[in-house]
$ cat coords00.txt   # compact mmCIF, C-alpha atoms
# COMPACT_ATOMS: atom_id res chain seq x y z
CA MET A 1 114.85 -57.49 192.63
CA ARG A 2 112.00 -56.13 194.74
CA SER A 3 108.65 -57.85 194.20
CA VAL A 4 105.04 -56.89 194.83
CA THR A 5 101.77 -58.79 194.48
CA VAL A 6 98.80 -56.82 193.15
CA THR A 7 95.22 -57.99 193.47
CA GLY A 8 92.96 -56.50 190.83
CA ALA A 9 95.98 -55.94 188.60
CA THR A 10 93.83 -55.83 185.46
CA GLY A 11 91.58 -53.05 186.77
CA TYR A 12 91.85 -49.33 186.19
CA VAL A 13 94.18 -48.42 189.07
CA GLY A 14 95.76 -51.89 189.15
CA SER A 15 96.92 -51.81 185.53
CA HIS A 16 98.44 -48.33 185.89
CA PHE A 17 100.14 -49.30 189.14
CA ALA A 18 101.54 -52.55 187.70
CA ARG A 19 102.96 -50.65 184.73
CA ALA A 20 104.54 -48.02 186.98
CA ALA A 21 105.98 -50.63 189.34
CA ARG A 22 107.66 -52.54 186.51
CA SER A 23 109.07 -49.31 185.11
CA ALA A 24 110.53 -48.59 188.55
CA GLY A 25 112.29 -51.96 188.64
CA TRP A 26 109.78 -54.00 190.66
CA ARG A 27 108.82 -57.57 189.81
CA VAL A 28 105.02 -57.61 189.62
CA VAL A 29 102.90 -60.65 190.45
CA ALA A 30 99.30 -60.17 189.27
CA ALA A 31 96.66 -61.80 191.46
CA SER A 32 93.48 -61.60 189.41
CA ARG A 33 90.97 -63.60 187.39
CA HIS A 34 92.69 -62.71 184.12
CA ALA A 35 96.31 -62.44 183.10
CA SER A 36 97.84 -58.97 183.20
CA ALA A 37 99.91 -57.60 180.32
CA HIS A 38 101.88 -55.51 182.81
CA ALA A 39 102.93 -58.28 185.21
CA ASP A 40 105.93 -60.59 185.31
CA ALA A 41 103.89 -63.48 186.72
CA SER A 42 100.26 -64.25 187.51
CA VAL A 43 98.39 -66.25 190.14
CA PRO A 44 94.62 -66.91 190.07
CA TYR A 45 92.62 -64.77 192.48
CA ASP A 46 88.88 -64.18 192.76
CA LEU A 47 87.19 -62.36 195.61
CA ARG A 48 84.23 -64.75 195.36
CA THR A 49 86.49 -67.75 196.09
CA PRO A 50 89.51 -66.13 197.77
CA ALA A 51 92.15 -68.83 197.72
CA PRO A 52 95.46 -67.76 199.28
CA VAL A 53 97.82 -65.87 196.98
CA LEU A 54 100.62 -68.41 196.63
CA HIS A 55 104.05 -67.48 195.36
CA ALA A 56 107.62 -68.25 196.26
CA GLU A 57 108.51 -64.90 197.76
CA ALA A 58 106.96 -63.11 200.72
CA THR A 59 106.09 -60.02 198.72
CA PRO A 60 104.00 -57.10 200.00
CA ILE A 61 100.42 -57.23 198.74
CA VAL A 62 98.71 -54.19 197.24
CA HIS A 63 95.00 -54.97 197.56
CA LEU A 64 92.95 -53.34 194.78
CA ALA A 65 90.44 -56.05 193.86
CA VAL A 66 86.79 -55.11 194.29
CA LEU A 67 83.39 -56.60 193.52
CA THR A 68 81.09 -54.31 191.58
CA ASP A 69 77.91 -56.40 191.53
CA GLY A 70 75.93 -58.71 193.72
CA SER A 71 74.18 -58.14 197.03
CA ASP A 72 76.58 -60.49 198.80
CA GLY A 73 79.58 -58.39 197.72
CA PRO A 74 80.31 -56.73 201.09
CA GLU A 75 80.51 -59.99 203.02
CA LEU A 76 82.68 -61.60 200.33
CA GLU A 77 85.05 -58.62 200.17
CA ILE A 78 85.53 -58.49 203.92
CA ALA A 79 86.08 -62.26 204.09
CA ALA A 80 88.57 -62.06 201.23
CA ALA A 81 90.48 -59.30 203.03
CA ARG A 82 90.72 -61.41 206.18
CA THR A 83 92.05 -64.37 204.14
CA LEU A 84 94.57 -62.13 202.43
CA LEU A 85 95.76 -60.71 205.76
CA GLU A 86 96.15 -64.22 207.21
CA GLU A 87 98.24 -65.23 204.20
CA ALA A 88 100.39 -62.12 204.64
CA ARG A 89 100.87 -62.91 208.36
CA LYS A 90 102.00 -66.45 207.62
CA ARG A 91 104.54 -65.22 205.10
CA GLY A 92 105.84 -62.40 207.27
CA THR A 93 104.68 -59.60 204.98
CA TYR A 94 101.93 -56.96 204.96
CA VAL A 95 98.93 -55.67 203.00
CA LEU A 96 98.58 -52.18 201.55
CA PHE A 97 94.84 -51.65 201.03
CA VAL A 98 93.67 -49.00 198.55
CA SER A 99 90.37 -47.80 199.97
CA SER A 100 88.17 -44.83 199.05
CA GLN A 101 87.45 -41.27 200.12
CA VAL A 102 83.85 -42.31 200.88
CA ALA A 103 84.91 -44.98 203.41
CA ARG A 104 83.35 -44.42 206.81
CA ALA A 105 81.26 -46.35 209.31
CA ASP A 106 78.10 -44.31 208.65
CA ALA A 107 78.50 -44.06 204.87
CA PRO A 108 75.18 -43.88 202.99
CA THR A 109 76.17 -46.78 200.72
CA ALA A 110 77.25 -50.37 201.26
CA TYR A 111 80.36 -49.59 199.21
CA GLY A 112 81.57 -46.94 201.66
CA ARG A 113 80.74 -49.05 204.71
CA THR A 114 82.49 -52.09 203.22
CA LYS A 115 85.64 -50.10 202.51
CA HIS A 116 85.62 -48.87 206.10
CA SER A 117 85.21 -52.41 207.47
CA ILE A 118 88.15 -53.63 205.40
CA GLU A 119 90.22 -50.67 206.59
CA GLU A 120 89.60 -51.70 210.19
CA VAL A 121 90.78 -55.27 209.71
CA VAL A 122 93.82 -54.14 207.72
CA LEU A 123 94.86 -51.60 210.35
CA ALA A 124 94.27 -54.09 213.16
CA ALA A 125 96.70 -56.45 211.41
CA GLY A 126 99.32 -53.70 211.14
CA GLY A 127 98.78 -53.06 207.45
CA ILE A 128 98.57 -49.78 205.55
CA VAL A 129 95.50 -47.99 204.16
CA VAL A 130 95.50 -45.43 201.35
CA ARG A 131 92.39 -43.36 200.69
CA PRO A 132 92.56 -41.76 197.24
CA GLY A 133 90.24 -39.04 196.05
CA LEU A 134 88.50 -39.10 192.67
CA VAL A 135 90.95 -41.01 190.46
CA TYR A 136 91.17 -39.80 186.86
CA GLY A 137 93.47 -39.71 183.85
CA GLY A 138 95.40 -42.22 181.80
CA GLU A 139 93.64 -45.05 180.04
CA ALA A 140 90.08 -44.65 181.25
CA GLY A 141 88.51 -47.24 183.50
CA GLY A 142 86.31 -47.58 186.55
CA LEU A 143 84.33 -44.54 187.65
CA TYR A 144 86.51 -42.26 185.53
CA ALA A 145 85.42 -44.07 182.36
CA THR A 146 81.77 -43.52 183.30
CA LEU A 147 82.34 -39.82 183.99
CA LEU A 148 84.33 -39.41 180.80
CA ARG A 149 81.57 -40.95 178.69
CA ALA A 150 79.03 -38.64 180.31
CA ALA A 151 81.21 -35.56 179.76
CA ARG A 152 81.84 -36.39 176.10
CA ARG A 153 78.18 -37.05 175.29
CA ALA A 154 76.27 -34.62 177.48
CA VAL A 155 74.47 -31.61 176.04
CA VAL A 156 73.83 -30.33 179.56
CA LEU A 157 75.54 -31.10 182.88
CA PRO A 158 73.61 -31.01 186.15
CA ALA A 159 75.07 -28.53 188.63
CA ILE A 160 73.91 -29.88 191.99
CA VAL A 161 72.89 -27.23 194.55
CA PRO A 162 74.40 -27.11 197.12
CA ALA A 163 77.44 -28.28 195.20
CA PRO A 164 79.23 -31.45 196.35
CA CYS A 165 83.01 -31.14 196.08
CA VAL A 166 85.61 -33.62 194.88
CA GLN A 167 89.35 -33.90 195.37
CA PRO A 168 90.91 -35.45 192.27
CA VAL A 169 94.14 -37.43 192.02
CA HIS A 170 95.70 -38.48 188.73
CA VAL A 171 96.04 -42.24 188.40
CA ASP A 172 99.77 -41.93 187.67
CA ASP A 173 100.27 -39.81 190.80
CA LEU A 174 98.40 -42.42 192.82
CA ALA A 175 100.66 -45.15 191.41
CA ALA A 176 103.74 -43.08 192.28
CA ALA A 177 102.45 -42.57 195.83
CA LEU A 178 101.85 -46.30 196.33
CA LEU A 179 105.40 -47.01 195.21
CA ARG A 180 106.78 -44.49 197.69
CA VAL A 181 104.83 -46.17 200.48
CA LEU A 182 106.25 -49.56 199.45
CA GLU A 183 109.79 -48.18 199.46
CA SER A 184 109.64 -47.40 203.20
CA PRO A 185 106.61 -49.26 204.59
CA GLU A 186 107.75 -49.16 208.21
CA ARG A 187 106.86 -45.45 208.30
CA TRP A 188 103.23 -46.15 207.46
CA PHE A 189 102.25 -49.37 209.27
CA GLY A 190 98.90 -48.94 211.01
CA ARG A 191 98.22 -45.61 209.30
CA VAL A 192 95.66 -44.19 206.89
CA LEU A 193 97.13 -41.99 204.14
CA HIS A 194 94.92 -39.52 202.27
CA LEU A 195 95.91 -38.83 198.65
CA ALA A 196 94.20 -36.15 196.58
CA GLU A 197 94.52 -32.51 195.63
CA PRO A 198 94.36 -30.50 198.87
CA GLU A 199 91.71 -28.05 197.65
CA PRO A 200 88.21 -29.47 197.03
CA GLN A 201 86.45 -28.24 193.90
CA PRO A 202 82.79 -28.35 192.88
CA PHE A 203 81.98 -31.55 191.04
CA SER A 204 80.03 -29.78 188.28
CA ALA A 205 82.96 -27.43 187.59
CA TRP A 206 85.33 -30.40 187.42
CA MET A 207 83.03 -32.20 185.00
CA HIS A 208 82.76 -29.08 182.85
CA GLU A 209 86.56 -28.84 182.63
CA LEU A 210 86.71 -32.53 181.72
CA ALA A 211 84.18 -32.00 178.94
CA ALA A 212 86.05 -28.94 177.64
CA ALA A 213 89.26 -30.96 177.47
CA PHE A 214 87.55 -33.19 174.91
CA GLY A 215 86.04 -30.40 172.86
CA ARG A 216 82.62 -30.23 174.51
CA ALA A 217 80.89 -27.22 176.02
CA PRO A 218 77.74 -28.50 177.74
CA ARG A 219 75.55 -26.04 179.59
CA ARG A 220 75.33 -26.39 183.34
CA VAL A 221 71.78 -26.64 184.66
CA PRO A 222 71.14 -26.18 188.41
CA VAL A 223 69.60 -29.25 190.04
CA PRO A 224 68.58 -29.34 193.71
CA ALA A 225 70.34 -31.99 195.77
CA ALA A 226 66.92 -33.16 197.01
CA LEU A 227 65.98 -34.04 193.44
CA VAL A 228 69.20 -36.07 193.06
CA ARG A 229 68.37 -37.96 196.26
CA ALA A 230 64.89 -38.71 194.93
CA GLY A 231 66.41 -39.92 191.66
CA ALA A 232 68.82 -42.17 193.58
CA ALA A 233 65.91 -43.67 195.53
CA LEU A 234 64.05 -44.35 192.30
CA ALA A 235 67.13 -45.92 190.72
CA ALA A 236 67.53 -48.21 193.72
CA ALA A 237 63.85 -49.17 193.55
CA ILE A 238 64.11 -50.28 189.92
CA GLY A 239 67.31 -52.22 190.51
CA ALA A 240 69.91 -49.71 189.28
CA ARG A 241 71.81 -50.01 192.54
CA SER A 242 75.20 -48.98 191.15
CA LEU A 243 73.78 -45.71 189.79
CA ALA A 244 71.96 -45.04 193.06
CA ASP A 245 75.07 -45.69 195.15
CA ARG A 246 77.21 -43.38 193.04
CA ALA A 247 74.69 -40.56 193.37
CA ARG A 248 74.45 -41.03 197.13
CA SER A 249 78.21 -41.23 197.51
CA LEU A 250 78.66 -38.02 195.51
CA LEU A 251 76.27 -36.14 197.78
CA ALA A 252 78.07 -37.36 200.91
CA ILE A 253 81.76 -37.11 200.00
CA PRO A 254 83.64 -36.04 203.14
CA PRO A 255 86.53 -33.58 202.66
CA MET A 256 90.03 -34.94 203.20
CA ALA A 257 93.02 -33.12 204.69
CA THR A 258 95.77 -34.33 202.36
CA ALA A 259 98.52 -31.71 202.57
CA SER A 260 100.40 -33.30 205.50
CA ASP A 261 100.38 -36.79 203.96
CA LEU A 262 101.53 -35.47 200.58
CA ALA A 263 104.35 -33.59 202.31
CA ALA A 264 105.35 -36.70 204.26
CA LEU A 265 105.55 -38.65 200.99
CA GLY A 266 107.41 -35.82 199.29
CA LEU A 267 104.84 -35.84 196.50
CA ALA A 268 103.45 -32.89 194.55
CA LEU A 269 100.29 -33.81 192.66
CA ARG A 270 99.54 -32.47 189.21
CA SER A 271 96.52 -30.18 189.03
CA SER A 272 93.50 -31.59 187.20
CA ARG A 273 92.82 -28.11 185.81
CA GLU A 274 96.29 -28.03 184.26
CA VAL A 275 95.92 -31.60 182.98
CA PHE A 276 92.61 -30.76 181.30
CA ALA A 277 93.97 -27.48 179.92
CA ARG A 278 96.94 -29.30 178.35
CA ARG A 279 94.56 -31.90 176.95
CA ALA A 280 92.45 -29.17 175.35
CA VAL A 281 95.55 -27.55 173.83
CA ARG A 282 96.77 -30.88 172.48
CA ARG A 283 93.36 -31.53 170.98
CA ALA A 284 93.55 -28.15 169.23
CA CYS A 285 96.99 -29.08 167.86
CA VAL A 286 95.60 -32.39 166.62
CA ARG A 287 92.70 -30.64 164.87
CA GLU A 288 95.14 -28.19 163.32
CA GLY A 289 97.37 -31.03 162.15
CA ALA A 290 94.45 -32.93 160.64
CA ALA A 291 93.37 -29.83 158.70
CA LEU A 292 96.83 -28.76 157.47
CA LEU A 293 97.88 -32.28 156.53
CA ARG A 294 94.65 -32.79 154.62
CA TYR A 295 95.28 -29.46 152.89
CA VAL A 296 98.80 -30.37 151.74
CA LEU A 297 97.97 -34.02 150.98
CA GLY A 298 94.61 -33.51 149.36
CA ALA A 299 93.35 -36.52 151.32
CA ALA A 300 92.61 -37.49 154.92
CA PRO A 301 95.90 -38.06 156.79
CA GLY A 302 96.52 -41.17 158.85
CA PRO A 303 96.40 -40.92 162.67
CA ALA A 304 100.18 -41.44 162.95
CA LEU A 305 100.84 -38.39 160.75
CA VAL A 306 98.49 -36.24 162.81
CA ARG A 307 100.17 -37.33 166.05
CA ARG A 308 103.58 -36.57 164.56
CA TYR A 309 102.46 -33.06 163.65
CA ALA A 310 101.00 -32.45 167.13
CA ARG A 311 104.25 -33.59 168.77
CA ALA A 312 106.22 -31.24 166.51
CA ILE A 313 104.04 -28.30 167.56
CA GLU A 314 104.43 -29.24 171.22
CA ALA A 315 108.22 -29.49 170.91
CA LEU A 316 108.96 -26.59 168.56
CA ARG A 317 106.09 -24.16 169.07
CA ASP A 318 105.48 -24.51 172.82
CA ALA A 319 102.25 -26.43 172.13
CA GLN A 320 100.51 -23.28 170.91
CA PRO A 321 97.90 -24.02 168.23
CA LEU A 322 97.37 -21.62 165.33
CA PRO A 323 94.09 -19.67 165.54
CA LEU A 324 92.68 -21.09 162.32
CA PRO A 325 89.10 -20.18 161.36
CA ARG A 326 86.45 -22.82 161.94
CA TRP A 327 85.65 -23.06 158.26
CA GLY A 328 89.29 -23.89 157.59
CA LEU A 329 89.27 -26.69 160.17
CA ARG A 330 86.05 -28.14 158.81
CA ILE A 331 86.83 -27.77 155.09
CA PRO A 332 90.66 -27.81 154.80
CA CYS A 333 90.63 -27.08 151.05
CA LEU A 334 89.43 -23.57 151.93
CA LEU A 335 92.76 -22.94 153.67
CA ARG A 336 94.08 -22.04 150.23
CA ALA A 337 92.38 -18.70 150.82
CA LEU A 338 94.99 -18.05 153.52
CA ASP A 339 97.86 -19.48 151.49
CA GLN A 340 98.37 -16.53 149.15
CA PRO A 341 101.77 -14.86 148.51
CA ARG A 342 100.70 -11.56 150.07
CA LEU A 343 99.25 -13.25 153.16
CA ARG A 344 102.19 -15.65 153.52
CA ALA A 345 104.62 -12.74 153.61
CA ALA A 346 102.62 -11.12 156.39
CA ASP A 347 102.22 -14.27 158.45
CA ALA A 348 105.47 -16.14 158.89
CA GLU A 349 103.92 -18.51 161.46
CA TRP A 350 101.28 -19.67 159.00
CA GLN A 351 103.98 -20.31 156.44
CA TRP A 352 106.05 -22.28 158.99
CA ARG A 353 103.07 -24.48 159.90
CA VAL A 354 102.24 -25.27 156.28
CA HIS A 355 105.89 -26.11 155.55
CA ALA A 356 106.02 -28.29 158.67
CA ALA A 357 102.88 -30.16 157.61
CA ALA A 358 104.31 -30.63 154.11
CA ALA A 359 107.65 -31.90 155.46
CA ILE A 360 105.94 -34.38 157.77
CA ALA A 361 103.68 -35.55 154.98
CA GLU A 362 106.53 -35.92 152.48
CA ALA A 363 108.42 -38.20 154.90
CA SER A 364 105.55 -40.71 154.99
CA PRO A 365 104.40 -43.42 152.55
CA GLN A 366 101.13 -41.55 152.17
CA GLY A 367 103.02 -38.40 151.22
CA ALA A 368 105.24 -40.30 148.82
CA ARG A 369 102.21 -41.56 146.95
CA ARG A 370 100.77 -38.05 146.88
CA PHE A 371 103.85 -36.00 145.94
CA LEU A 372 105.80 -38.52 143.88
CA ALA A 373 102.76 -39.98 142.12
CA LEU A 374 103.69 -43.53 143.18
CA ALA A 375 100.17 -44.79 142.71
CA GLY A 376 100.98 -48.00 140.85
CA ARG A 377 98.78 -49.45 138.17
CA GLY A 378 95.86 -47.37 137.05
CA SER A 379 97.51 -44.20 138.31
CA ARG A 380 96.62 -42.21 135.20
CA ALA A 381 92.94 -42.91 135.63
CA ARG A 382 93.18 -42.18 139.31
CA ARG A 383 94.92 -38.87 138.66
CA PHE A 384 92.24 -37.91 136.15
CA ALA A 385 89.49 -38.78 138.64
CA ALA A 386 91.32 -36.86 141.37
CA ALA A 387 91.58 -33.81 139.10
CA LEU A 388 87.84 -33.90 138.44
CA ALA A 389 87.12 -34.32 142.16
CA ALA A 390 89.38 -31.35 142.97
CA LEU A 391 87.45 -28.91 140.77
CA PRO A 392 84.66 -28.14 143.32
CA ALA A 393 87.24 -27.71 146.09
CA GLU A 394 89.29 -25.39 143.88
CA ALA A 395 86.20 -23.31 143.13
CA LEU A 396 85.36 -23.05 146.86
CA ALA A 397 88.94 -22.08 147.70
CA ARG A 398 89.00 -19.33 145.08
CA ALA A 399 85.65 -17.97 146.30
CA ALA A 400 86.88 -17.97 149.90
CA SER A 401 90.11 -16.23 148.85
CA LEU A 402 88.18 -13.55 146.98
CA ALA A 403 85.85 -12.98 149.94
CA LEU A 404 88.77 -12.81 152.38
CA ASN A 405 90.74 -10.37 150.23
CA THR A 406 87.64 -8.16 149.73
CA ARG A 407 87.02 -8.10 153.46
CA ARG A 408 90.63 -7.20 154.25
CA SER A 409 90.75 -4.46 151.63
CA ARG A 410 87.62 -2.86 153.09
CA GLY A 411 89.16 -3.09 156.56
$ encode --input "coords00.txt" --output "structure tokens"
Amino acid sequence: MRSVTVTGATGYVGSHFARAARSAGWRVVAASRHASAHADASVPYDLRTPAPVLHAEATPIVHLAVLTDGSDGPELEIAAARTLLEEARKRGTYVLFVSSQVARADAPTAYGRTKHSIEEVVLAAGGIVVRPGLVYGGEAGGLYATLLRAARRAVVLPAIVPAPCVQPVHVDDLAAALLRVLESPERWFGRVLHLAEPEPQPFSAWMHELAAAFGRAPRRVPVPAALVRAGAALAAAIGARSLADRARSLLAIPPMATASDLAALGLALRSSREVFARRAVRRACVREGAALLRYVLGAAPGPALVRRYARAIEALRDAQPLPLPRWGLRIPCLLRALDQPRLRAADAEWQWRVHAAAAIAEASPQGARRFLALAGRGSRARRFAAALAALPAEALARAASLALNTRRSRG
């Protein structure tokens, strides 16, 4: 069995890569401070005290570990890389270093300059360097987690002028690319591979699409780049170095020519626009499922039921959500206004969705308690209380039905 050692295996990219490698039949040795759930074995590894990565086999080393705090980080990271390369030389193997798009000798941040310094020592030792673009997707972590939190909470998004551009790469595509490099490493020794979508896109537009994928629609407000630089200087002055570095890196991202490297790897990256669009559609299907299941159950459905409904719509209805009115999504009992014999006959798709929700609900313990009245002791009192609680909802549903029918008859 092929084996690979991964430093930083519990991080954002490291955990996704370890999972992908095991799925592809690799034995994964995690070299990190904490045990990895996606590794077959673990060895202790800390960049602050970089002991050699000891294991029985001379496995290739994918170097992903990074220090995110401390002013002495650059020196420690470079020293750790040298130690790792010496260990690889002794064991007759090599290091694949995952760097960054911002790596360059004259980078405006210590992070970019450190990555470039490590690249130089790796290439001098005959190793391999991979520069990914903006990594996103999957279980959020690292910079992507920070951007995702901002996109989901923001009321407005700054649109920097002139606009800096990013080149995204999905974390699963990055993992697949690293595996392809490991499968034929002799082709890439001493080389730098650039992995990201070939076409740069404005960062503010990318953030807006990310927010839309999670149901947000923040306004974009133009912000001069000079103001962002001033904000970064202020952040650095008050000790918020990480925030300052990220702002400076964003303003100085160099474009990468990735098409030739992607072609050499035989890899076609997924488009972030398509990923976000599918995420938005799935979210709409989930909202629809939550509303319809609540309508047929008369109670809030469990998350597993909602996911089951969404998967059914994806598989059987080409992932196309029903254009339900907002009031129906917010107050599902009002959907009874749409569930009238005359309207059902005219809208077969509506009828199919309601029947699908009912069938999914009936096949669950929650549905059994609802439809078969398996409430146990005290069920009579509970049914009486439920009947009383349903009276306001019934009145609202009848009023909505009357208003809808009046509107349609006038039309």
$ closest_residue --input "coords00.txt" --among "A:Phe203, A:Tyr136, A:Trp188, A:Phe276" --to "Ala163 of chain A" --atoms "all atoms listed in the file"
A:Phe203
$ closest_residue --input "coords00.txt" --among "A:Ala205, A:Ala176, A:Ala257, A:Leu324" --to "Leu193 of chain A" --atoms "all atoms listed in the file"
A:Ala257
$ residues_around --input "coords00.txt" --residues "segment 346-363 of chain A" --least-positions-apart "5" --cutoff "7 Å" --atoms "all atoms listed in the file" --output "ChimeraX atom specification"
/A:292-293,296,309,368
$ closest_residue --input "coords00.txt" --among "A:Ala252, A:Cys333, A:Leu174, A:Ala80" --to "Ala268 of chain A" --atoms "only C-alpha atoms"
A:Leu174
$ closest_residue --input "coords00.txt" --among "A:Ala299, A:Val122, A:Ala310, A:Ala159" --to "Ser204 of chain A" --atoms "only C-alpha atoms"
A:Ala159
$ atom_distance --input "coords00.txt" --atom1 "atom CA of Pro132 of chain A" --atom2 "atom CA of Leu178 of chain A"
10.4 Å
$ closest_residue --input "coords00.txt" --among "A:Pro365, A:Pro44, A:Gly14, A:Pro202" --to "Leu251 of chain A" --atoms "only C-alpha atoms"
A:Pro202
$ residues_near_point --input "coords00.txt" --point "(96.9, -41.0, 196.1)" --cutoff "8 Å" --atoms "only C-alpha atoms" --output "mmCIF file with C-alpha atoms, in the coordinates of the input"
data_model
loop_
_atom_site.group_PDB
_atom_site.id
_atom_site.type_symbol
_atom_site.label_atom_id
_atom_site.label_comp_id
_atom_site.auth_asym_id
_atom_site.auth_seq_id
_atom_site.Cartn_x
_atom_site.Cartn_y
_atom_site.Cartn_z
ATOM 1 C CA VAL A 130 95.500 -45.430 201.350
ATOM 2 C CA ARG A 131 92.390 -43.360 200.690
ATOM 3 C CA PRO A 132 92.560 -41.760 197.240
ATOM 4 C CA GLY A 133 90.240 -39.040 196.050
ATOM 5 C CA VAL A 169 94.140 -37.430 192.020
ATOM 6 C CA HIS A 170 95.700 -38.480 188.730
ATOM 7 C CA VAL A 171 96.040 -42.240 188.400
ATOM 8 C CA ASP A 173 100.270 -39.810 190.800
ATOM 9 C CA LEU A 174 98.400 -42.420 192.820
ATOM 10 C CA ALA A 175 100.660 -45.150 191.410
ATOM 11 C CA ALA A 177 102.450 -42.570 195.830
ATOM 12 C CA LEU A 178 101.850 -46.300 196.330
ATOM 13 C CA HIS A 194 94.920 -39.520 202.270
ATOM 14 C CA LEU A 195 95.910 -38.830 198.650
ATOM 15 C CA ALA A 196 94.200 -36.150 196.580
#
$ residues_near_point --input "coords00.txt" --point "(93.5, -44.8, 210.9)" --cutoff "9 Å" --atoms "only C-alpha atoms" --output "PyMOL selection string"
chain A and resi 119-120+123+128-129+190-193
$ closest_residue --input "coords00.txt" --among "A:Arg317, A:Leu243, A:Pro325, A:Ala280" --to "Leu143 of chain A" --atoms "only C-alpha atoms"
A:Leu243
$ atom_distance --input "coords00.txt" --atom1 "atom CA of Ser260 of chain A" --atom2 "atom CA of Asp106 of chain A"
25.1 Å
$ residues_around --input "coords00.txt" --residues "segment 217-230 of chain A" --least-positions-apart "6" --cutoff "10 Å" --atoms "all atoms listed in the file" --output "PyMOL selection string"
chain A and resi 151-164+204-205+207-211+236+244+247-248+250-251
$ atom_distance --input "coords00.txt" --atom1 "atom CA of Gln201 of chain A" --atom2 "atom CA of Met256 of chain A"
12.0 Å
$ residues_around --input "coords00.txt" --residues "segment 66-68 of chain A" --least-positions-apart "4" --cutoff "12 Å" --atoms "only C-alpha atoms" --output "PyMOL selection string"
chain A and resi 7-14+32-33+45-50+72-78+80-81+97-100+110-111+114-115+118+142-143+241-243+245-246
